[in-house]
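Heads up, input_3.pdb below (PDB, C-alpha atoms):
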```
ATOM      1  CA  MET A  26     115.726 140.424  79.217
ATOM      2  CA  LEU A  27     117.768 141.228  82.263
ATOM      3  CA  HIS A  28     120.605 138.874  83.025
ATOM      4  CA  CYS A  29     122.581 138.691  86.223
ATOM      5  CA  THR A  30     125.528 136.643  87.335
ATOM      6  CA  ILE A  31     124.329 134.884  90.390
ATOM      7  CA  ASP A  32     125.324 132.016  92.575
ATOM      8  CA  PRO A  33     123.351 128.777  92.305
ATOM      9  CA  SER A  34     121.166 129.443  95.311
ATOM     10  CA  GLN A  35     120.262 132.867  94.025
ATOM     11  CA  ARG A  36     119.688 131.418  90.578
ATOM     12  CA  ARG A  37     117.003 129.216  92.057
ATOM     13  CA  ARG A  38     115.370 132.214  93.695
ATOM     14  CA  VAL A  39     115.494 134.247  90.513
ATOM     15  CA  ARG A  40     114.006 131.351  88.613
ATOM     16  CA  GLY A  41     111.213 131.281  91.139
ATOM     17  CA  LEU A  42     110.584 134.931  90.572
ATOM     18  CA  ILE A  43     110.397 134.310  86.842
ATOM     19  CA  VAL A  44     107.740 131.677  87.173
ATOM     20  CA  ALA A  45     106.017 133.618  89.914
ATOM     21  CA  GLY A  46     105.131 136.059  87.153
ATOM     22  CA  LEU A  47     102.818 133.423  85.777
ATOM     23  CA  PHE A  48     100.766 133.793  88.910
ATOM     24  CA  SER A  49     100.969 137.508  89.440
ATOM     25  CA  LEU A  50     100.601 138.618  85.837
ATOM     26  CA  SER A  51     103.217 141.205  86.721
ATOM     27  CA  SER A  52     105.656 141.500  83.861
ATOM     28  CA  PRO A  53     106.868 137.950  83.466
ATOM     29  CA  GLY A  54     110.542 137.887  82.855
ATOM     30  CA  ILE A  55     111.348 140.867  85.004
ATOM     31  CA  VAL A  56     113.707 139.786  87.688
ATOM     32  CA  GLY A  57     115.959 141.621  90.001
ATOM     33  CA  CYS A  58     119.630 141.205  90.802
ATOM     34  CA  ALA A  59     120.213 140.175  94.369
ATOM     35  CA  THR A  60     122.945 142.694  95.045
ATOM     36  CA  PRO A  61     123.989 145.897  93.318
ATOM     37  CA  SER A  62     127.489 144.538  92.802
ATOM     38  CA  GLU A  63     126.371 141.787  90.485
ATOM     39  CA  THR A  64     127.280 142.422  86.899
ATOM     40  CA  VAL A  65     124.930 142.141  83.984
ATOM     41  CA  VAL A  66     126.174 139.562  81.501
ATOM     42  CA  ALA A  67     124.743 137.209  78.979
ATOM     43  CA  GLU A  68     123.438 134.264  80.943
ATOM     44  CA  PRO A  69     123.826 130.769  79.550
ATOM     45  CA  ALA A  70     120.550 129.279  78.508
ATOM     46  CA  THR A  71     118.716 127.756  81.430
ATOM     47  CA  PRO A  72     115.385 125.997  81.451
ATOM     48  CA  ALA A  73     113.711 129.016  82.992
ATOM     49  CA  ALA A  74     115.445 131.443  80.672
ATOM     50  CA  ALA A  75     114.224 129.418  77.744
ATOM     51  CA  ALA A  76     110.637 129.654  78.919
ATOM     52  CA  PRO A  77     108.370 131.212  76.326
ATOM     53  CA  THR A  78     107.543 134.187  78.460
ATOM     54  CA  PRO A  79     107.043 137.594  76.911
ATOM     55  CA  PRO A  80     110.195 139.683  76.679
ATOM     56  CA  ALA A  81     110.791 141.959  79.604
ATOM     57  CA  ASP A  82     110.760 145.700  79.364
ATOM     58  CA  PRO A  83     114.218 147.076  78.752
ATOM     59  CA  ALA A  84     116.287 147.761  81.830
ATOM     60  CA  PRO A  85     113.631 147.142  84.456
ATOM     61  CA  PRO A  86     114.343 148.485  87.895
ATOM     62  CA  ALA A  87     115.974 146.051  90.228
ATOM     63  CA  GLU A  88     113.506 144.445  92.547
ATOM     64  CA  PRO A  89     114.419 143.308  96.003
ATOM     65  CA  ALA A  90     114.886 139.625  96.564
ATOM     66  CA  LYS A  91     111.746 137.695  97.467
ATOM     67  CA  PRO A  92     110.272 139.364 100.513
ATOM     68  CA  ALA A  93     110.968 137.898 103.872
ATOM     69  CA  ALA A  94     107.232 137.570 104.378
ATOM     70  CA  GLU A  95     107.234 134.090 102.855
ATOM     71  CA  PRO A  96     106.138 131.467 105.345
ATOM     72  CA  ALA A  97     109.005 129.651 106.973
ATOM     73  CA  GLY A  98     110.240 126.754 104.898
ATOM     74  CA  VAL A  99     108.460 127.912 101.774
ATOM     75  CA  THR A 100     110.388 129.154  98.771
ATOM     76  CA  ALA A 101     109.205 130.042  95.326
ATOM     77  CA  VAL A 102     111.660 127.810  93.491
ATOM     78  CA  ALA A 103     108.980 126.047  91.521
ATOM     79  CA  VAL A 104     105.567 127.472  90.697
ATOM     80  CA  GLY A 105     103.239 128.514  93.458
ATOM     81  CA  ALA A 106     103.828 128.022  97.133
ATOM     82  CA  CYS A 107     106.039 124.961  96.946
ATOM     83  CA  ASN A 108     107.835 123.855 100.058
ATOM     84  CA  GLU A 109     111.432 122.775  99.812
ATOM     85  CA  ARG A 110     110.565 119.151  99.174
ATOM     86  CA  GLN A 111     108.227 119.926  96.295
ATOM     87  CA  ALA A 112     110.578 122.537  94.906
ATOM     88  CA  GLU A 113     113.366 119.983  94.797
ATOM     89  CA  ILE A 114     111.123 117.425  93.094
ATOM     90  CA  SER A 115     110.111 120.103  90.589
ATOM     91  CA  LYS A 116     113.725 121.023  89.955
ATOM     92  CA  GLN A 117     114.639 117.397  89.336
ATOM     93  CA  ALA A 118     111.640 116.947  87.045
ATOM     94  CA  ASP A 119     112.606 120.018  85.032
ATOM     95  CA  GLU A 120     116.156 118.732  84.766
ATOM     96  CA  ARG A 121     114.947 115.311  83.679
ATOM     97  CA  SER A 122     112.697 116.719  80.992
ATOM     98  CA  LYS A 123     115.593 118.980  79.866
ATOM     99  CA  SER A 124     113.799 120.739  77.071
ATOM    100  CA  TRP A 125     110.504 121.177  78.870
ATOM    101  CA  THR A 126     110.107 122.872  82.241
ATOM    102  CA  ILE A 127     107.026 123.476  84.333
ATOM    103  CA  ALA A 128     107.247 127.167  83.467
ATOM    104  CA  GLN A 129     107.189 126.412  79.763
ATOM    105  CA  HIS A 130     104.466 123.836  80.255
ATOM    106  CA  LEU A 131     102.232 126.304  82.076
ATOM    107  CA  ALA A 132     102.894 129.098  79.621
ATOM    108  CA  LYS A 133     101.965 126.926  76.656
ATOM    109  CA  ASN A 134      99.186 124.748  77.993
ATOM    110  CA  PHE A 135      97.744 126.573  80.983
ATOM    111  CA  PRO A 136      97.826 130.234  79.925
ATOM    112  CA  ASP A 137      94.922 131.182  82.180
ATOM    113  CA  MET A 138      96.326 129.104  85.061
ATOM    114  CA  LYS A 139      93.041 127.280  85.490
ATOM    115  CA  VAL A 140      93.084 123.544  86.045
ATOM    116  CA  SER A 141      90.326 120.955  86.114
ATOM    117  CA  TRP A 142      89.856 117.277  86.708
ATOM    118  CA  LEU A 143      87.002 114.824  86.795
ATOM    119  CA  MET A 144      85.831 112.366  89.376
ATOM    120  CA  LYS A 145      82.982 109.915  89.393
ATOM    121  CA  GLU A 146      80.138 110.997  91.637
ATOM    122  CA  THR A 147      80.293 108.103  94.096
ATOM    123  CA  PRO A 148      84.010 108.403  94.938
ATOM    124  CA  TYR A 149      83.543 112.174  95.095
ATOM    125  CA  GLN A 150      80.892 111.658  97.749
ATOM    126  CA  ASN A 151      82.835 108.959  99.611
ATOM    127  CA  PHE A 152      86.263 110.557  99.583
ATOM    128  CA  VAL A 153      85.614 114.291  99.427
ATOM    129  CA  VAL A 154      82.166 115.083 100.819
ATOM    130  CA  LYS A 155      81.778 112.457 103.550
ATOM    131  CA  THR A 156      85.311 112.978 104.798
ATOM    132  CA  ASN A 157      85.018 116.762 104.773
ATOM    133  CA  ALA A 158      88.284 116.807 102.871
ATOM    134  CA  GLU A 159      90.130 120.096 102.977
ATOM    135  CA  LYS A 160      92.496 119.240 100.140
ATOM    136  CA  PHE A 161      91.917 117.355  96.923
ATOM    137  CA  GLY A 162      93.983 114.382  95.900
ATOM    138  CA  ARG A 163      95.896 111.571  97.521
ATOM    139  CA  CYS A 164      97.363 112.705 100.793
ATOM    140  CA  ASP A 165     100.286 111.400 102.782
ATOM    141  CA  ASP A 166     102.452 113.094 105.350
ATOM    142  CA  THR A 167     104.204 115.095 102.622
ATOM    143  CA  GLY A 168     101.123 116.627 101.027
ATOM    144  CA  CYS A 169      98.081 115.985  98.870
ATOM    145  CA  TYR A 170      98.763 115.094  95.260
ATOM    146  CA  LEU A 171      96.347 115.818  92.442
ATOM    147  CA  PHE A 172      96.628 115.392  88.680
ATOM    148  CA  ALA A 173      94.940 118.185  86.756
ATOM    149  CA  ALA A 174      94.519 119.281  83.153
ATOM    150  CA  PRO A 175      93.803 122.637  81.516
ATOM    151  CA  THR A 176      90.258 123.710  82.289
ATOM    152  CA  ALA A 177      89.691 124.651  78.665
ATOM    153  CA  VAL A 178      90.503 121.102  77.540
ATOM    154  CA  ILE A 179      88.249 119.438  80.098
ATOM    155  CA  GLN A 180      85.491 121.986  79.564
ATOM    156  CA  GLN A 181      85.516 121.480  75.825
ATOM    157  CA  ALA A 182      85.411 117.710  76.218
ATOM    158  CA  VAL A 183      82.550 117.914  78.703
ATOM    159  CA  ASP A 184      80.559 120.353  76.586
ATOM    160  CA  LYS A 185      80.959 118.021  73.634
ATOM    161  CA  ALA A 186      79.829 115.018  75.651
ATOM    162  CA  VAL A 187      76.862 116.500  77.507
ATOM    163  CA  LYS A 188      73.623 115.808  75.731
ATOM    164  CA  GLY A 189      70.460 116.894  77.451
ATOM    165  CA  LYS A 190      70.353 115.625  81.005
ATOM    166  CA  THR A 191      73.235 113.186  80.670
ATOM    167  CA  HIS A 192      76.582 112.784  79.004
ATOM    168  CA  ASP A 193      78.078 110.382  76.508
ATOM    169  CA  ALA A 194      80.951 108.598  78.229
ATOM    170  CA  ALA A 195      82.363 107.439  74.904
ATOM    171  CA  VAL A 196      82.544 110.991  73.583
ATOM    172  CA  LEU A 197      84.202 112.217  76.767
ATOM    173  CA  GLY A 198      86.643 109.340  76.754
ATOM    174  CA  ALA A 199      87.535 109.900  73.131
ATOM    175  CA  ALA A 200      88.056 113.602  73.706
ATOM    176  CA  LEU A 201      90.410 112.985  76.613
ATOM    177  CA  GLY A 202      92.106 109.893  75.222
ATOM    178  CA  LEU A 203      90.896 107.697  78.064
ATOM    179  CA  PRO A 204      88.656 104.635  78.286
ATOM    180  CA  ALA A 205      84.955 105.430  78.148
ATOM    181  CA  LYS A 206      84.258 103.357  81.249
ATOM    182  CA  ASN A 207      86.149 105.919  83.324
ATOM    183  CA  PHE A 208      83.346 108.366  82.575
ATOM    184  CA  GLU A 209      80.243 106.248  82.935
ATOM    185  CA  GLY A 210      77.625 107.540  85.343
ATOM    186  CA  PRO A 211      77.391 110.935  87.022
ATOM    187  CA  LEU A 212      80.617 112.899  87.314
ATOM    188  CA  ARG A 213      81.969 115.957  89.018
ATOM    189  CA  MET A 214      84.188 118.450  87.303
ATOM    190  CA  MET A 215      86.402 120.433  89.616
ATOM    191  CA  THR A 216      88.092 123.684  88.607
ATOM    192  CA  LEU A 217      90.772 125.577  90.426
ATOM    193  CA  ASP A 218      92.242 128.972  89.599
ATOM    194  CA  LEU A 219      95.900 128.564  90.439
ATOM    195  CA  ARG A 220      96.439 132.303  90.491
ATOM    196  CA  ALA A 221      93.918 132.573  93.306
ATOM    197  CA  THR A 222      95.126 129.595  95.310
ATOM    198  CA  ASN A 223      98.863 129.972  94.620
ATOM    199  CA  SER A 224      99.038 126.193  94.895
ATOM    200  CA  CYS A 225     102.325 124.479  94.247
ATOM    201  CA  VAL A 226     102.387 123.095  90.712
ATOM    202  CA  ARG A 227     105.025 120.977  89.014
ATOM    203  CA  LEU A 228     105.482 118.274  86.432
ATOM    204  CA  PRO A 229     104.195 114.931  87.721
ATOM    205  CA  VAL A 230     106.862 112.342  88.442
ATOM    206  CA  ASP A 231     106.961 108.570  88.695
ATOM    207  CA  ALA A 232     106.994 108.568  92.483
ATOM    208  CA  ASP A 233     103.808 110.607  92.868
ATOM    209  CA  PRO A 234     100.905 108.896  94.614
ATOM    210  CA  GLY A 235      98.448 107.609  92.058
ATOM    211  CA  VAL A 236     100.927 107.055  89.284
ATOM    212  CA  TRP A 237     100.198 104.061  87.112
ATOM    213  CA  LYS A 238     103.253 103.635  84.972
ATOM    214  CA  CYS A 239     102.704 102.646  81.364
ATOM    215  CA  GLN A 240     104.173  99.275  80.532
ATOM    216  CA  SER A 241     104.018  99.678  76.763
ATOM    217  CA  GLU A 242     103.272 102.270  74.104
ATOM    218  CA  ALA A 243      99.841 100.717  73.661
ATOM    219  CA  ASP A 244      98.848 101.327  77.275
ATOM    220  CA  LYS A 245      96.182 103.942  77.887
ATOM    221  CA  ASP A 246      95.180 105.708  81.074
ATOM    222  CA  CYS A 247      98.665 105.358  82.518
ATOM    223  CA  PHE A 248     101.499 107.673  83.405
ATOM    224  CA  LYS A 249     104.260 108.819  81.111
ATOM    225  CA  PHE A 250     106.721 111.371  82.349
ATOM    226  CA  GLY A 251     106.737 114.699  80.545
ATOM    227  CA  GLY A 252     103.572 116.622  81.391
ATOM    228  CA  TYR A 253     101.140 114.851  79.077
ATOM    229  CA  THR A 254      98.761 111.988  79.716
ATOM    230  CA  SER A 255      98.949 108.854  77.613
ATOM    231  CA  GLY A 256      96.029 110.414  75.737
ATOM    232  CA  ASN A 257      98.202 113.474  75.062
ATOM    233  CA  VAL A 258      96.281 115.819  77.354
ATOM    234  CA  PRO A 259      98.511 118.291  79.213
ATOM    235  CA  GLU A 260      98.681 117.563  82.915
ATOM    236  CA  VAL A 261     100.300 118.970  86.020
ATOM    237  CA  MET A 262     100.659 117.844  89.586
ATOM    238  CA  VAL A 263      98.956 120.221  92.013
ATOM    239  CA  ILE A 264     100.008 119.983  95.627
ATOM    240  CA  ASP A 265      97.505 120.688  98.394
ATOM    241  CA  ALA A 266      94.677 121.923  96.168
ATOM    242  CA  PRO A 267      92.130 123.480  98.527
ATOM    243  CA  VAL A 268      88.615 122.070  98.341
ATOM    244  CA  ALA A 269      87.074 125.322  99.543
ATOM    245  CA  GLN A 270      88.404 127.258  96.562
ATOM    246  CA  ALA A 271      87.327 124.838  93.859
ATOM    247  CA  VAL A 272      84.334 125.307  91.621
ATOM    248  CA  VAL A 273      82.491 122.012  91.372
ATOM    249  CA  ARG A 274      80.164 121.249  88.502
ATOM    250  CA  GLU A 275      77.788 118.323  88.398
ATOM    251  CA  ILE A 276      77.781 116.343  85.166
ATOM    252  CA  PRO A 277      74.714 114.093  85.215
TER     253      PRO A 277
ATOM    254  CA  MET B  20      71.360 101.360 101.402
ATOM    255  CA  SER B  21      74.729  99.758 101.962
ATOM    256  CA  ASN B  22      75.407  96.770 104.182
ATOM    257  CA  GLU B  23      79.078  97.551 104.198
ATOM    258  CA  GLU B  24      81.077  98.664 107.166
ATOM    259  CA  VAL B  25      83.965 101.057 106.642
ATOM    260  CA  LEU B  26      86.849  99.711 108.714
ATOM    261  CA  TYR B  27      89.400 102.255 107.642
ATOM    262  CA  GLN B  28      89.312 105.374 105.479
ATOM    263  CA  SER B  29      92.625 106.684 104.260
ATOM    264  CA  PRO B  30      93.628 110.138 103.026
ATOM    265  CA  LEU B  31      95.454 108.262 100.274
ATOM    266  CA  LEU B  32      91.979 107.890  98.764
ATOM    267  CA  TYR B  33      91.169 104.337  99.638
ATOM    268  CA  ARG B  34      89.081 102.607 102.240
ATOM    269  CA  VAL B  35      88.855  99.136 103.668
ATOM    270  CA  LEU B  36      85.357  97.730 103.903
ATOM    271  CA  ARG B  37      83.739  94.692 105.381
ATOM    272  CA  ALA B  38      81.043  93.457 103.052
ATOM    273  CA  ALA B  39      77.769  92.074 104.333
ATOM    274  CA  GLY B  40      78.930  88.537 103.756
ATOM    275  CA  GLY B  41      82.045  89.007 105.804
ATOM    276  CA  PRO B  42      84.958  89.376 103.379
ATOM    277  CA  LEU B  43      87.181  92.413 103.474
ATOM    278  CA  LEU B  44      87.394  94.669 100.445
ATOM    279  CA  ILE B  45      89.668  97.501  99.590
ATOM    280  CA  GLU B  46      88.243 100.306  97.472
ATOM    281  CA  VAL B  47      90.849 102.515  95.842
ATOM    282  CA  VAL B  48      90.473 105.695  93.828
ATOM    283  CA  VAL B  49      92.570 105.301  90.715
ATOM    284  CA  GLY B  50      93.292 107.426  87.698
ATOM    285  CA  GLY B  51      94.800 110.825  87.080
ATOM    286  CA  ILE B  52      92.809 113.674  85.554
ATOM    287  CA  ALA B  53      89.765 111.374  85.597
ATOM    288  CA  MET B  54      89.346 109.481  88.828
ATOM    289  CA  TYR B  55      87.200 106.469  89.527
ATOM    290  CA  ALA B  56      87.230 103.690  92.090
ATOM    291  CA  VAL B  57      87.999 100.003  91.878
ATOM    292  CA  ARG B  58      87.605  97.270  94.449
ATOM    293  CA  VAL B  59      89.652  94.228  95.315
ATOM    294  CA  ARG B  60      88.508  91.460  97.622
ATOM    295  CA  LEU B  61      91.269  90.627 100.065
ATOM    296  CA  ASP B  62      92.417  87.042 100.141
ATOM    297  CA  ALA B  63      92.974  85.245 103.425
ATOM    298  CA  GLY B  64      96.613  86.227 103.643
ATOM    299  CA  GLU B  65      95.841  89.861 102.932
ATOM    300  CA  GLU B  66      93.062  89.888 105.512
ATOM    301  CA  GLN B  67      95.445  88.562 108.114
ATOM    302  CA  ALA B  68      98.066  91.094 107.118
ATOM    303  CA  PHE B  69      95.559  93.930 107.429
ATOM    304  CA  LEU B  70      94.335  92.716 110.801
ATOM    305  CA  ARG B  71      97.932  92.392 111.949
ATOM    306  CA  GLU B  72      99.506  95.523 110.436
ATOM    307  CA  GLY B  73      96.530  97.784 109.862
ATOM    308  CA  ALA B  74      97.106 100.859 107.721
ATOM    309  CA  ALA B  75     100.741 100.020 107.081
ATOM    310  CA  PHE B  76      99.602  97.027 105.067
ATOM    311  CA  SER B  77      96.595  98.641 103.419
ATOM    312  CA  ASP B  78      98.712 101.638 102.373
ATOM    313  CA  ARG B  79     101.069  99.295 100.550
ATOM    314  CA  LEU B  80      98.192  97.408  98.974
ATOM    315  CA  ALA B  81      96.475 100.607  97.862
ATOM    316  CA  ARG B  82      99.685 101.887  96.278
ATOM    317  CA  GLN B  83     100.037  98.618  94.395
ATOM    318  CA  ILE B  84      96.492  98.943  93.113
ATOM    319  CA  THR B  85      96.888 102.566  92.008
ATOM    320  CA  ALA B  86     100.073 101.531  90.233
ATOM    321  CA  GLU B  87      98.203  98.758  88.415
ATOM    322  CA  PRO B  88      94.438  99.312  88.598
ATOM    323  CA  SER B  89      93.569  95.927  87.131
ATOM    324  CA  PHE B  90      95.630  94.380  89.937
ATOM    325  CA  GLY B  91      96.319  91.291  87.941
ATOM    326  CA  GLY B  92      92.665  90.908  87.022
ATOM    327  CA  ARG B  93      91.474  90.940  90.626
ATOM    328  CA  ALA B  94      90.087  94.486  90.571
ATOM    329  CA  TYR B  95      86.568  95.352  89.525
ATOM    330  CA  ASP B  96      84.737  98.650  89.218
ATOM    331  CA  ALA B  97      83.336  99.977  92.455
ATOM    332  CA  PRO B  98      79.558 100.346  92.428
ATOM    333  CA  GLY B  99      78.111 103.729  91.671
TER     334      GLY B  99
END
```
When written as structure tokens, how does the structure in this file appear?
Amino acid sequence: MLHCTIDPSQRRRVRGLIVAGLFSLSSPGIVGCATPSETVVAEPATPAAAAPTPPADPAPPAEPAKPAAEPAGVTAVAVGACNERQAEISKQADERSKSWTIAQHLAKNFPDMKVSWLMKETPYQNFVVKTNAEKFGRCDDTGCYLFAAPTAVIQQAVDKAVKGKTHDAAVLGAALGLPAKNFEGPLRMMTLDLRATNSCVRLPVDADPGVWKCQSEADKDCFKFGGYTSGNVPEVMVIDAPVAQAVVREIP
Amino acid sequence: MSNEEVLYQSPLLYRVLRAAGGPLLIEVVVGGIAMYAVRVRLDAGEEQAFLREGAAFSDRLARQITAEPSFGGRAYDAPG
């Protein structure tokens, strides 16, 4: 792995380039030094450096810093096209979790970078279709916030639950560690390829819209910080997930 | 066929409805990776607050409901 001595602001950019590899599939771990004068030294362990990414090729050529073509106000500090606000939230979340960063979380639990989530049919119609929503999730003036899980996990749970022309809500609930009543009636399963959308992704935090904080260990269907649902399903927060790029499956 | 009138639809994934009988309801999408909707009938004080403050009040109420979907036992599953 290439190591560079860099100032804090450049460290953030380099870290962004590391996790950007998760999107681009281009040699994760290969990062460039910002200036030729920077010396190559052993870098102290950082959350990003500890990410379980494949080892880089030896002595990769230095790449230029992130191209100036990024939209104004957008930096790749976190994963995907996070603006400064989301990047800062992501940074704080990674620091809070200490031993578990969004980069590690994605590498372990979302290797194909595909996310899915479920929604009952009626709210899907009322809040997505009828409103002609352009983004999924709960939106305020800072963005649209959506919890999502690995597609493989949701898909497996759905496949297990679908029987003939309907599904067994109890089976789906058990598979996802959530109450069966959350899955009664027709559902929609949405899937998004984060590599295609380049959506901002980070660990969910307490302040995110939609968070229902667990009050006790026994609570289910509530939020616990750390990237896993109370049912132990991996989850991420996707910012501004585009409706137009989602694949939507009906689950009768 | 619904006899409900949508008074306000929010991008925060909630809406305020007036039911056929007259009371105001708030319907809020709750949940994380599996989303569903619950409803709460506004009490007289909440109705007045909504009529007075509009979305500023209903935003606060919706956030309280998403943070505690049972809403102290007042919430019930939305139809459908």
Give me, as an mmCIF file with C-alpha atoms, keeping the file's coordinate frame, the residues of chain A touching chain B, with the criterion being at most 7 Å (counting all atoms listed in the file).
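Everything below was put into selection-v4.cif:
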```cif
data_model
loop_
_atom_site.group_PDB
_atom_site.id
_atom_site.type_symbol
_atom_site.label_atom_id
_atom_site.label_comp_id
_atom_site.auth_asym_id
_atom_site.auth_seq_id
_atom_site.Cartn_x
_atom_site.Cartn_y
_atom_site.Cartn_z
ATOM 1 C CA TRP A 142 89.856 117.277 86.708
ATOM 2 C CA LEU A 143 87.002 114.824 86.795
ATOM 3 C CA MET A 144 85.831 112.366 89.376
ATOM 4 C CA LYS A 145 82.982 109.915 89.393
ATOM 5 C CA THR A 147 80.293 108.103 94.096
ATOM 6 C CA PRO A 148 84.010 108.403 94.938
ATOM 7 C CA PHE A 152 86.263 110.557 99.583
ATOM 8 C CA ARG A 163 95.896 111.571 97.521
ATOM 9 C CA CYS A 164 97.363 112.705 100.793
ATOM 10 C CA ASP A 165 100.286 111.400 102.782
ATOM 11 C CA PHE A 172 96.628 115.392 88.680
ATOM 12 C CA ALA A 173 94.940 118.185 86.756
ATOM 13 C CA ALA A 174 94.519 119.281 83.153
ATOM 14 C CA ASN A 207 86.149 105.919 83.324
ATOM 15 C CA GLY A 235 98.448 107.609 92.058
ATOM 16 C CA VAL A 236 100.927 107.055 89.284
ATOM 17 C CA TRP A 237 100.198 104.061 87.112
ATOM 18 C CA LYS A 238 103.253 103.635 84.972
#
```
Review point. What is the atom CA of A:Lys245-atom CA of A:Pro204 distance in Å, reported with one decimal?
Key: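 So the two atoms, atom CA of A:Lys245 and atom CA of A:Pro204, lie 7.6 Å apart.
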Check your understanding: What does the distance from atom CA of A:Glu113 to atom CA of A:Arg227 come to in Å, to one decimal?
Key ->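 If I compute the distance from atom CA of A:Glu113 to atom CA of A:Arg227, I get 10.2 Å.
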Practice item. Quick one: apply the PyMOL selection byres ((chain A and resi 182-191) around 9) to the file and drop the selected residues here as a PyMOL selection string. Key: chain A and resi 177-181+192-201+210-211+214+276-277
Exercise for review: Neighbourhood query: residues within 10 Å of (99.4, 105.6, 80.8), file coordinates, counting only C-alpha atoms; return as a PyMOL selection string.
Suggested key: (chain A and resi 203+236-250+253-257) or (chain B and resi 50-51)
Exercise for review: Please indicate the distance in Å from atom CA of A:Asn223 to atom CA of A:Ala106, rounded to one decimal place.
Suggested key: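 Between atom CA of A:Asn223 and atom CA of A:Ala106 the gap is 5.9 Å.
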Check your understanding: Applied to this file, what does the PyMOL selection byres ((chain A and resi 225) around 10) return in terms of residues, put as a list in words?
Key -> Ala101, Val102, Ala103, Val104, Gly105, Ala106, Cys107, Asn108, Gln111, Ala112, Ser115, Leu219, Thr222, Asn223, Ser224, Val226, Arg227, Met262, Val263, Ile264, Asp265 and Ala266 of chain A
File dump, residues just selected, C-alpha atoms, as a PDB file, in the frame of the given file:
```
ATOM      1  CA  ALA A 101     109.205 130.042  95.326  1.00  0.00           C
ATOM      2  CA  VAL A 102     111.660 127.810  93.491  1.00  0.00           C
ATOM      3  CA  ALA A 103     108.980 126.047  91.521  1.00  0.00           C
ATOM      4  CA  VAL A 104     105.567 127.472  90.697  1.00  0.00           C
ATOM      5  CA  GLY A 105     103.239 128.514  93.458  1.00  0.00           C
ATOM      6  CA  ALA A 106     103.828 128.022  97.133  1.00  0.00           C
ATOM      7  CA  CYS A 107     106.039 124.961  96.946  1.00  0.00           C
ATOM      8  CA  ASN A 108     107.835 123.855 100.058  1.00  0.00           C
ATOM      9  CA  GLN A 111     108.227 119.926  96.295  1.00  0.00           C
ATOM     10  CA  ALA A 112     110.578 122.537  94.906  1.00  0.00           C
ATOM     11  CA  SER A 115     110.111 120.103  90.589  1.00  0.00           C
ATOM     12  CA  LEU A 219      95.900 128.564  90.439  1.00  0.00           C
ATOM     13  CA  THR A 222      95.126 129.595  95.310  1.00  0.00           C
ATOM     14  CA  ASN A 223      98.863 129.972  94.620  1.00  0.00           C
ATOM     15  CA  SER A 224      99.038 126.193  94.895  1.00  0.00           C
ATOM     16  CA  VAL A 226     102.387 123.095  90.712  1.00  0.00           C
ATOM     17  CA  ARG A 227     105.025 120.977  89.014  1.00  0.00           C
ATOM     18  CA  MET A 262     100.659 117.844  89.586  1.00  0.00           C
ATOM     19  CA  VAL A 263      98.956 120.221  92.013  1.00  0.00           C
ATOM     20  CA  ILE A 264     100.008 119.983  95.627  1.00  0.00           C
ATOM     21  CA  ASP A 265      97.505 120.688  98.394  1.00  0.00           C
ATOM     22  CA  ALA A 266      94.677 121.923  96.168  1.00  0.00           C
TER      23      ALA A 266
END
```
Exercise for review: Quick one: everything within 9 Å of B:Asn22, counting only C-alpha atoms, minus sequence neighbours fewer than 3 positions away in the same chain. Send it as a list in words.
Suggested key: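 Once the adjacent positions are removed, what remains is Arg37, Ala38, Ala39 and Gly40 of chain B.
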Point to revise | From A:Gln117, A:Pro234, A:Thr126, A:Lys133, residue lying nearest A:Asp166 [only C-alpha atoms] | key: A:Pro234
Practice item. Please provide as a list in words all residues within 9 Å of A:Asp137, with the sequence filter that same-chain residues fewer than 4 positions apart are discarded (counting only C-alpha atoms). Key: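 So the residues in contact are Leu47, Leu131, Ala132, Pro175, Thr176, Asp218, Leu219 and Arg220 of chain A.
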I need the output of the PyMOL selection byres ((chain A and resi 130) around 9) for this file as a PDB file with C-alpha atoms, keeping the file's coordinate frame; which residues are they?
```pdb
ATOM      1  CA  ALA A  76     110.637 129.654  78.919  1.00  0.00           C
ATOM      2  CA  TRP A 125     110.504 121.177  78.870  1.00  0.00           C
ATOM      3  CA  THR A 126     110.107 122.872  82.241  1.00  0.00           C
ATOM      4  CA  ILE A 127     107.026 123.476  84.333  1.00  0.00           C
ATOM      5  CA  ALA A 128     107.247 127.167  83.467  1.00  0.00           C
ATOM      6  CA  GLN A 129     107.189 126.412  79.763  1.00  0.00           C
ATOM      7  CA  LEU A 131     102.232 126.304  82.076  1.00  0.00           C
ATOM      8  CA  ALA A 132     102.894 129.098  79.621  1.00  0.00           C
ATOM      9  CA  LYS A 133     101.965 126.926  76.656  1.00  0.00           C
ATOM     10  CA  ASN A 134      99.186 124.748  77.993  1.00  0.00           C
ATOM     11  CA  PHE A 135      97.744 126.573  80.983  1.00  0.00           C
ATOM     12  CA  LEU A 228     105.482 118.274  86.432  1.00  0.00           C
ATOM     13  CA  GLY A 252     103.572 116.622  81.391  1.00  0.00           C
ATOM     14  CA  PRO A 259      98.511 118.291  79.213  1.00  0.00           C
ATOM     15  CA  GLU A 260      98.681 117.563  82.915  1.00  0.00           C
ATOM     16  CA  VAL A 261     100.300 118.970  86.020  1.00  0.00           C
TER      17      VAL A 261
END
```
